[in-house]
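Asks: Contents are mmCIF, C-alpha atoms and all ligand atoms; file name final_29.cif:
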```cif
data_data
#
loop_
_atom_site.label_atom_id
_atom_site.label_comp_id
_atom_site.auth_asym_id
_atom_site.auth_seq_id
_atom_site.Cartn_x
_atom_site.Cartn_y
_atom_site.Cartn_z
CA MET A 167 -14.42 -25.84 17.27
CA ILE A 168 -16.29 -22.57 17.79
CA LEU A 169 -15.15 -19.34 16.21
CA HIS A 170 -17.25 -16.21 16.64
CA GLY A 171 -20.48 -18.19 16.82
CA GLU A 172 -19.62 -20.51 13.94
CA HIS A 173 -18.99 -24.16 14.58
CA PHE A 174 -16.56 -26.12 12.44
CA ASP A 175 -16.03 -29.84 12.51
CA THR A 176 -12.27 -29.54 12.19
CA GLY A 177 -11.83 -33.29 12.48
CA ARG A 178 -13.88 -33.86 9.34
CA LEU A 179 -12.36 -30.88 7.56
CA ASN A 180 -8.88 -32.23 8.20
CA ALA A 181 -10.03 -35.63 6.95
CA VAL A 182 -10.83 -34.38 3.44
CA PRO A 183 -8.19 -36.18 1.34
CA ILE A 184 -5.34 -33.70 1.10
CA THR A 185 -4.55 -34.66 -2.47
CA ARG A 186 -8.07 -33.69 -3.55
CA VAL A 187 -7.73 -30.34 -1.82
CA ALA A 188 -4.33 -29.70 -3.39
CA GLN A 189 -5.65 -30.70 -6.82
CA ARG A 190 -8.37 -28.11 -6.49
CA LEU A 191 -6.01 -25.32 -5.47
CA ASP A 192 -2.87 -26.25 -7.36
CA SER A 193 -1.29 -28.76 -9.71
CA VAL A 194 -0.35 -32.10 -8.26
CA ARG A 195 1.78 -34.91 -9.61
CA ARG A 196 2.62 -38.42 -8.54
CA ALA A 197 5.97 -39.14 -6.92
CA GLY A 198 6.36 -42.78 -5.95
CA SER A 199 3.50 -43.84 -3.72
CA ASN A 200 2.62 -40.27 -2.75
CA TYR A 201 1.80 -37.04 -4.55
CA VAL A 202 3.69 -33.77 -4.57
CA THR A 203 2.65 -30.20 -5.15
CA ALA A 204 4.26 -26.77 -4.87
CA CYS A 205 4.96 -25.78 -1.28
CA PRO A 206 2.99 -22.67 -0.28
CA TRP A 207 5.37 -22.00 2.64
CA HIS A 208 8.34 -21.10 0.47
CA GLU A 209 9.07 -19.96 -3.08
CA ASP A 210 8.83 -23.39 -4.61
CA GLU A 211 9.54 -23.67 -8.31
CA HIS A 212 9.85 -27.44 -8.30
CA PRO A 213 7.10 -29.16 -6.30
CA SER A 214 8.56 -30.27 -2.98
CA LEU A 215 5.51 -30.56 -0.74
CA THR A 216 4.72 -34.25 -0.23
CA LEU A 217 1.08 -35.12 0.38
CA TYR A 218 0.64 -38.09 2.72
CA GLU A 219 -2.81 -39.33 2.00
CA HIS A 220 -2.22 -43.05 1.96
CA THR A 221 -1.02 -43.23 5.51
CA ASP A 222 -3.48 -42.44 8.29
CA GLU A 223 -1.88 -39.03 8.55
CA ASN A 224 -3.55 -37.01 5.76
CA ARG A 225 -0.96 -34.28 6.08
CA CYS A 226 1.66 -32.51 4.03
CA HIS A 227 5.34 -31.95 4.59
CA CYS A 228 7.94 -29.96 2.66
CA PHE A 229 11.42 -31.42 2.52
CA ALA A 230 12.86 -28.16 1.24
CA CYS A 231 11.74 -25.80 4.01
CA GLY A 232 10.63 -28.27 6.67
CA LYS A 233 7.13 -26.84 6.99
CA GLY A 234 3.80 -28.54 6.48
CA GLY A 235 0.70 -29.47 8.40
CA SER A 236 -2.93 -30.47 8.18
CA VAL A 237 -5.47 -29.88 5.43
CA ILE A 238 -6.60 -26.67 7.14
CA ASP A 239 -3.00 -25.48 7.53
CA TYR A 240 -2.40 -26.09 3.84
CA VAL A 241 -5.51 -24.18 2.73
CA MET A 242 -4.67 -21.24 5.03
CA GLN A 243 -1.15 -20.98 3.72
CA HIS A 244 -2.03 -21.56 0.08
CA GLU A 245 -4.80 -18.99 -0.07
CA GLY A 246 -3.49 -16.59 2.55
CA TRP A 247 -6.64 -17.02 4.61
CA ASN A 248 -7.14 -17.06 8.35
CA PHE A 249 -8.25 -20.22 10.12
CA LYS A 250 -11.92 -19.35 10.01
CA ASP A 251 -11.98 -18.57 6.28
CA ALA A 252 -10.10 -21.77 5.48
CA CYS A 253 -12.65 -23.78 7.52
CA ARG A 254 -15.54 -21.99 5.82
CA TRP A 255 -14.16 -22.71 2.38
CA LEU A 256 -13.50 -26.38 3.16
CA SER A 257 -16.97 -26.76 4.68
CA ALA A 258 -18.68 -25.21 1.68
CA THR A 259 -16.53 -26.91 -0.95
CA TYR A 260 -16.76 -30.44 0.44
CA GLY A 261 -20.31 -30.20 1.77
CA ILE A 262 -19.30 -30.51 5.40
CA CYS A 263 -22.06 -28.56 7.02
CA THR A 264 -21.37 -26.42 10.00
CA THR A 265 -23.45 -27.90 12.78
CA PRO A 266 -25.06 -25.97 15.56
CA PHE A 267 -22.96 -25.86 18.65
CA THR A 268 -24.06 -28.05 21.54
CA ALA A 269 -21.31 -28.51 24.05
CA PRO A 270 -17.57 -28.95 23.75
CA ILE A 271 -16.74 -32.61 24.07
CA ARG A 272 -13.16 -33.29 24.95
CA GLN A 273 -12.28 -36.66 23.59
CA SER A 274 -9.71 -38.51 25.54
CA GLY A 275 -6.42 -38.81 23.77
CA THR A 276 -6.87 -35.75 21.59
CA LYS A 277 -4.30 -33.10 22.11
CA PRO A 278 -4.92 -29.47 21.32
CA GLY A 279 -3.17 -28.53 18.06
CA PRO A 280 0.22 -26.92 18.22
CA LYS A 281 0.15 -23.17 18.81
CA ARG A 282 1.05 -21.36 15.65
CA GLU A 283 3.67 -18.79 16.35
CA GLU A 284 4.08 -16.43 13.43
CA PRO A 285 7.63 -15.12 13.15
CA PRO A 286 7.74 -11.34 12.67
CA VAL A 287 7.79 -10.05 9.11
CA GLN A 288 11.12 -8.70 8.03
CA TYR A 289 11.82 -6.15 5.30
CA ILE A 290 15.06 -5.31 3.54
CA PRO A 291 16.20 -1.69 4.03
CA SER A 292 15.62 0.26 0.78
CA ARG A 293 19.17 1.61 0.79
CA MET A 294 20.49 -1.97 0.41
CA LEU A 295 18.49 -2.24 -2.80
CA ASP A 296 19.44 1.27 -3.96
CA GLU A 297 23.08 0.23 -3.89
CA LEU A 298 22.34 -2.60 -6.34
CA VAL A 299 20.21 -0.80 -8.96
CA SER A 300 22.06 -1.10 -12.26
CA THR A 301 21.80 -2.15 -15.89
CA GLU A 302 25.10 -4.06 -15.59
CA ASN A 303 23.58 -7.53 -15.36
CA SER A 304 22.87 -10.56 -17.51
CA LEU A 305 19.27 -9.72 -18.30
CA CYS A 306 19.73 -6.03 -19.10
CA ARG A 307 22.45 -6.98 -21.53
CA CYS A 308 19.90 -9.12 -23.36
CA LEU A 309 17.28 -6.36 -23.21
CA MET A 310 19.74 -3.84 -24.65
CA HIS A 311 20.07 -6.06 -27.73
CA MET A 312 16.35 -5.87 -28.34
CA PHE A 313 15.18 -2.48 -27.07
CA HIS A 314 16.44 1.06 -26.95
CA PRO A 315 19.04 1.43 -24.17
CA GLU A 316 17.29 4.53 -22.81
CA ALA A 317 14.04 2.56 -22.52
CA VAL A 318 15.87 -0.24 -20.69
CA LYS A 319 17.38 2.29 -18.28
CA TRP A 320 13.95 3.76 -17.60
CA VAL A 321 12.44 0.34 -16.88
CA VAL A 322 15.36 -0.57 -14.61
CA GLU A 323 14.82 2.66 -12.64
CA GLN A 324 11.06 2.06 -12.31
CA TYR A 325 11.25 -1.59 -11.27
CA ARG A 326 14.52 -1.11 -9.32
CA ILE A 327 16.36 -3.90 -11.14
CA GLY A 328 19.81 -4.59 -9.77
CA ALA A 329 23.06 -6.39 -10.39
CA TYR A 330 24.80 -8.66 -7.90
CA SER A 331 28.02 -10.54 -7.77
CA PHE A 332 27.95 -13.93 -6.12
CA ARG A 333 30.56 -16.67 -5.97
CA ASP A 334 32.54 -16.44 -9.21
CA CYS A 335 29.98 -14.49 -11.13
CA ASP A 336 29.32 -10.75 -11.11
CA ASP A 337 26.45 -10.95 -13.52
CA TYR A 338 23.34 -11.81 -11.50
CA THR A 339 20.13 -9.89 -12.16
CA VAL A 340 18.24 -8.79 -9.04
CA PHE A 341 14.45 -8.52 -9.07
CA PRO A 342 12.96 -6.79 -6.05
CA ASN A 343 9.51 -7.42 -4.64
CA ILE A 344 8.47 -4.00 -3.39
CA ASP A 345 5.01 -3.78 -1.90
CA ALA A 346 2.37 -1.09 -2.40
CA LYS A 347 3.77 0.78 0.60
CA GLY A 348 7.26 0.83 -0.88
CA ARG A 349 8.73 -1.78 1.48
CA VAL A 350 11.25 -4.21 0.02
CA CYS A 351 9.84 -7.67 0.79
CA ASN A 352 12.60 -9.73 -0.82
CA LEU A 353 15.15 -9.76 -3.60
CA LYS A 354 15.46 -12.60 -6.05
CA MET A 355 18.55 -12.97 -8.16
CA GLN A 356 18.90 -14.95 -11.32
CA LEU A 357 21.52 -15.56 -13.96
CA TYR A 358 20.68 -15.39 -17.65
CA ASP A 359 22.43 -16.61 -20.73
CA SER A 360 23.43 -13.30 -22.32
CA ASP A 361 25.15 -14.67 -25.41
CA PRO A 362 23.04 -13.36 -28.31
CA GLN A 363 24.17 -16.27 -30.51
CA SER A 364 22.94 -18.88 -28.04
CA PRO A 365 19.52 -20.50 -28.46
CA ARG A 366 19.13 -20.02 -24.68
CA PHE A 367 19.71 -16.26 -25.02
CA ALA A 368 17.86 -14.36 -22.25
CA HIS A 369 16.85 -17.63 -20.58
CA CYS A 370 17.62 -18.45 -17.02
CA GLU A 371 20.57 -20.66 -16.17
CA LYS A 372 19.28 -23.78 -14.46
CA GLY A 373 19.54 -23.73 -10.70
CA CYS A 374 20.89 -20.19 -10.60
CA CYS A 375 18.20 -18.52 -8.57
CA TYR A 376 18.72 -17.24 -5.04
CA TRP A 377 16.86 -15.14 -2.50
CA LEU A 378 19.00 -12.42 -1.05
CA GLY A 379 16.95 -11.96 2.13
CA LYS A 380 17.89 -15.33 3.61
CA MET A 381 21.39 -15.12 2.21
CA TRP A 382 22.02 -11.77 3.89
CA VAL A 383 20.73 -13.13 7.19
CA ARG A 384 23.22 -16.00 6.92
CA GLU A 385 25.98 -13.54 6.07
CA GLY A 386 25.09 -11.35 9.06
CA ARG A 387 24.10 -8.38 6.91
CA LEU A 388 20.50 -8.61 8.18
CA PRO A 389 19.30 -9.58 11.65
CA PRO A 390 17.95 -13.12 12.09
CA GLY A 391 14.55 -14.13 13.44
CA GLY A 392 12.21 -12.61 10.88
CA GLU A 393 10.47 -14.04 7.86
CA PHE A 394 10.46 -12.45 4.43
CA ARG A 395 7.11 -12.05 2.74
CA SER A 396 6.48 -14.08 -0.38
CA ASP A 397 3.05 -12.58 -1.14
CA CYS A 398 4.19 -9.46 -2.96
CA MET A 399 3.98 -9.06 -6.73
CA PHE A 400 6.93 -7.86 -8.76
CA GLY A 401 6.10 -4.26 -9.75
CA GLU A 402 3.43 -3.87 -7.07
CA HIS A 403 4.92 -0.54 -5.92
CA LEU A 404 4.15 0.95 -9.36
CA LEU A 405 0.37 0.57 -8.94
CA SER A 406 0.03 3.83 -7.04
CA ARG A 407 2.36 5.62 -9.48
CA PHE A 408 0.15 4.62 -12.43
CA PRO A 409 -3.37 4.62 -10.95
CA GLU A 410 -5.13 4.77 -14.33
CA SER A 411 -3.10 2.15 -16.20
CA ASN A 412 -4.45 -1.19 -17.23
CA VAL A 413 -2.42 -3.96 -15.66
CA VAL A 414 -1.00 -7.02 -17.38
CA LEU A 415 -0.13 -9.80 -14.94
CA VAL A 416 2.41 -12.44 -15.97
CA GLU A 417 4.31 -15.17 -14.13
CA SER A 418 7.95 -14.19 -14.18
CA PRO A 419 9.55 -10.78 -13.54
CA LYS A 420 11.57 -11.25 -16.72
CA ASN A 421 8.36 -11.40 -18.72
CA ALA A 422 7.07 -8.28 -17.01
CA LEU A 423 10.19 -6.41 -18.13
CA PHE A 424 9.93 -7.63 -21.72
CA GLY A 425 6.26 -6.66 -21.69
CA ALA A 426 6.92 -3.24 -20.17
CA LEU A 427 9.47 -2.50 -22.91
CA ALA A 428 7.37 -3.76 -25.81
CA PHE A 429 3.96 -2.51 -24.60
CA PRO A 430 4.65 0.39 -22.24
CA GLN A 431 1.08 1.67 -22.35
CA SER A 432 0.16 -1.06 -19.82
CA LEU A 433 1.61 -1.60 -16.36
CA TRP A 434 3.27 -5.03 -16.23
CA LEU A 435 3.36 -6.98 -12.97
CA ALA A 436 4.46 -10.54 -12.18
CA THR A 437 3.32 -13.02 -9.56
CA GLY A 438 6.80 -14.58 -9.33
CA ASN A 439 5.70 -18.06 -10.30
CA LYS A 440 2.55 -19.79 -11.39
CA ASN A 441 1.66 -21.01 -7.91
CA GLN A 442 1.46 -17.46 -6.61
CA LEU A 443 -1.99 -16.78 -8.07
CA LYS A 444 -3.53 -16.33 -4.64
CA ARG A 445 -5.94 -13.88 -3.07
CA SER A 446 -3.34 -12.53 -0.67
CA VAL A 447 -0.95 -11.85 -3.55
CA LEU A 448 -3.51 -10.30 -5.90
CA ALA A 449 -5.28 -8.14 -3.30
CA PRO A 450 -3.44 -4.90 -4.26
CA LEU A 451 -5.03 -5.14 -7.74
CA ARG A 452 -8.41 -4.30 -6.25
CA GLY A 453 -10.64 -2.39 -8.66
CA ARG A 454 -8.21 -2.48 -11.62
CA ASN A 455 -8.65 -3.79 -15.15
CA VAL A 456 -6.21 -6.69 -15.32
CA ILE A 457 -5.21 -8.85 -18.27
CA VAL A 458 -3.86 -12.07 -16.86
CA MET A 459 -1.32 -13.61 -19.23
CA PRO A 460 -0.12 -17.04 -18.08
CA ASP A 461 2.70 -18.89 -19.80
CA CYS A 462 1.38 -21.39 -22.32
CA ASP A 463 1.43 -24.34 -19.88
CA ALA A 464 -0.69 -22.64 -17.22
CA VAL A 465 -3.67 -21.16 -19.07
CA ASP A 466 -6.31 -23.59 -17.77
CA GLU A 467 -4.89 -23.51 -14.27
CA TRP A 468 -4.85 -19.71 -14.10
CA ARG A 469 -8.28 -19.41 -15.69
CA GLU A 470 -9.67 -21.68 -13.00
CA GLY A 471 -7.78 -19.89 -10.25
CA ILE A 472 -8.78 -16.43 -11.37
CA SER A 473 -12.45 -17.41 -11.61
CA ARG A 474 -12.49 -17.64 -7.80
CA MET A 475 -11.16 -14.09 -7.46
CA ALA A 476 -13.53 -12.12 -9.67
CA ASP A 477 -14.48 -9.99 -6.67
CA ILE A 478 -10.97 -8.48 -6.49
CA ALA A 479 -10.56 -6.97 -9.94
CA ASN A 480 -11.85 -7.02 -13.49
CA PHE A 481 -9.73 -9.93 -14.72
CA THR A 482 -9.48 -11.12 -18.32
CA VAL A 483 -7.38 -14.21 -18.96
CA SER A 484 -5.39 -14.09 -22.21
CA ASP A 485 -4.32 -17.31 -23.90
CA PHE A 486 -1.95 -15.37 -26.15
CA CYS A 487 1.12 -17.42 -25.18
CA SER A 488 -0.55 -20.77 -25.79
CA ARG A 489 -1.92 -19.58 -29.15
CA MET A 490 1.52 -18.37 -30.25
CA ALA A 491 3.53 -21.30 -28.88
CA PRO A 492 5.14 -23.63 -31.39
CA ASP A 493 4.17 -27.26 -30.76
CA ALA A 494 7.61 -28.28 -29.59
CA GLN A 495 7.80 -25.59 -26.90
CA PRO A 496 5.77 -26.49 -23.82
CA LYS A 497 7.27 -23.59 -21.84
CA TYR A 498 6.50 -20.56 -23.95
CA ASP A 499 5.99 -17.07 -22.66
CA ILE A 500 5.71 -13.47 -23.80
CA ALA A 501 9.50 -13.01 -23.70
CA ASP A 502 9.91 -16.00 -26.01
CA TYR A 503 7.36 -14.49 -28.35
CA LEU A 504 9.06 -11.10 -28.41
CA GLN A 505 12.45 -12.69 -28.97
CA GLN A 506 11.06 -14.76 -31.78
CA GLN A 507 9.83 -11.61 -33.46
CA ARG A 508 13.47 -10.56 -33.06
CA MET A 509 12.33 -6.99 -32.84
CA SER A 510 13.33 -5.89 -36.30
CA VAL A 511 12.17 -2.44 -35.20
CA ARG A 512 13.52 -1.19 -31.91
CA PHE A 513 10.91 0.19 -29.55
ZN ZN A 601 8.48 -25.57 1.61
#
```
Just give me the structure as structure tokens.

Replies:
Amino acid sequence: MILHGEHFDTGRLNAVPITRVAQRLDSVRRAGSNYVTACPWHEDEHPSLTLYEHTDENRCHCFACGKGGSVIDYVMQHEGWNFKDACRWLSATYGICTTPFTAPIRQSGTKPGPKREEPPVQYIPSRMLDELVSTENSLCRCLMHMFHPEAVKWVVEQYRIGAYSFRDCDDYTVFPNIDAKGRVCNLKMQLYDSDPQSPRFAHCEKGCCYWLGKMWVREGRLPPGGEFRSDCMFGEHLLSRFPESNVVLVESPKNALFGALAFPQSLWLATGNKNQLKRSVLAPLRGRNVIVMPDCDAVDEWREGISRMADIANFTVSDFCSRMAPDAQPKYDIADYLQQQRMSVRF
């Protein structure tokens, strides 16, 4: 295939074992006779993208969102690259040289690939978020136990944290993803254990995480047909408000809030989950000093990932969480640390 004078052997690029490619870009684990990894087409917290390498297909498919595709499709989606950049990266990484173009040879039996039709991007009207902004939710109740209520209110105002009632529960915490231009890309809601006596205090209830964008489309509150962006960091809209601040980048929005309350001299942002450490997501950080603070189970993965993005910002990876983690706690993050300190002094 020829693109702007460059020739790519897409057949060979798509024949690079998809598991190897996924292992390089993400974490992969075995599931039966195949492997699975996090799906880059949707917010995937539990790997649901199956990699079919042992059939003659060499493709991926997600059983949660129904998307998938070839090796090139996967790289494009995972890294947020266009077709040409994905081909370039695959060529360079797997030593598949671009060959000089001679003449297009149409092999019999090969069909042209399916036309990719991008659905239009859809945003959530800001007023719908404004109506939700509140400290009356499960997470703010936890934060109020640990930090000064006025500080919690300030953080809620800045990050536009909301409360939502859903099914039998009026206690959901809403985290908006607002981009650098102030557009609301999506709203995630989560339920936290807000009983201060519970060992799971301020931790997320299992399975209680929903995206309001899709839900509001189903309920008819938003028009159908569009796709919500998943490449926006939590707190991204604050970058222009604090142009001089050093940034600390963590995985979960909850950790960003804990960080912002305990260490307000830095601007705390979150990728959303550990698989969101991608160029397209991190692009708004251009030119900033950024401390990247992965949870304790993702330090090596993030260090490797960030090493490919040194051109974007001045990144420093901190292994603070893994140094502080007790042995028995494989999932340990900055919020766990701050809770453990129990904040004898209120900030
Ligand atoms: Zn998916």

Asks: Looking at A:Arg190, A:His369, A:His227, A:Lys444, which one is nearest to ligand ZN 601 (chain A), with distances taken over only C-alpha atoms and all ligand atoms?

Replies: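 So, comparing all the options, the nearest one is A:His227.
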
Asks: Around ligand ZN 601 (chain A), at most 8 Å away and counting only C-alpha atoms and all ligand atoms, which residues are there? Put them as a list in words, please.

Replies: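 Using only C-alpha atoms and all ligand atoms, everything at most 8 Å from ligand ZN 601 (chain A) comes to Ala204, Cys205, Pro206, Trp207, His208, Glu209, Asp210, Ser214, Leu215, His227, Cys228, Phe229, Ala230, Cys231, Gly232, Lys233 and Gly234 of chain A.
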
Asks: Find the nearest atom pair between each residue of stretch 333-388 of chain A and stretch 293-317 of chain A for residues within 9 Å, count only C-alpha atoms, give distances in Å to one decimal, sort rows by chain and ascending number, and present the table as CSV.

Replies:
```
residue,atom,partner,partner_atom,distance
A:Asp336,CA,A:Asn303,CA,7.8
A:Asp337,CA,A:Asn303,CA,4.8
A:Tyr338,CA,A:Asn303,CA,5.8
A:Thr339,CA,A:Asn303,CA,5.3
A:Val340,CA,A:Leu298,CA,7.9
A:Pro342,CA,A:Leu295,CA,7.9
A:Val350,CA,A:Leu295,CA,8.0
A:Leu353,CA,A:Leu295,CA,8.3
A:Gln356,CA,A:Ser304,CA,8.6
A:Leu357,CA,A:Ser304,CA,6.3
A:Tyr358,CA,A:Ser304,CA,5.3
A:Asp359,CA,A:Ser304,CA,6.9
A:Ser360,CA,A:Ser304,CA,5.6
A:Asp361,CA,A:Cys308,CA,7.9
A:Pro362,CA,A:Cys308,CA,7.2
A:Phe367,CA,A:Cys308,CA,7.3
A:Ala368,CA,A:Cys308,CA,5.7
A:His369,CA,A:Leu305,CA,8.6
A:Cys370,CA,A:Leu305,CA,9.0
```

Asks: Any idea what's packed within 9 Å of A:Ala188, counting only C-alpha atoms, ignoring anything in its chain fewer than 3 positions away? Could you give it as number ranges by chain?

Replies: A: 183-185, 191-194, 203, 217, 237, 240-241

Asks: Please measure the separation of atom CA of A:Ala422 and atom CA of A:Arg395, giving the value in Å to one decimal.

Replies: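 We find that atom CA of A:Ala422 and atom CA of A:Arg395 lie 20.1 Å from each other.
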
Asks: Just the residues within 9 Å of A:Gly348, please, counting only C-alpha atoms, with nothing from its chain fewer than 4 positions along; format it as a list in words.

Replies: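 So, after excluding close chain neighbours, the residues are Ser292, Ile344, Glu402 and His403 of chain A.
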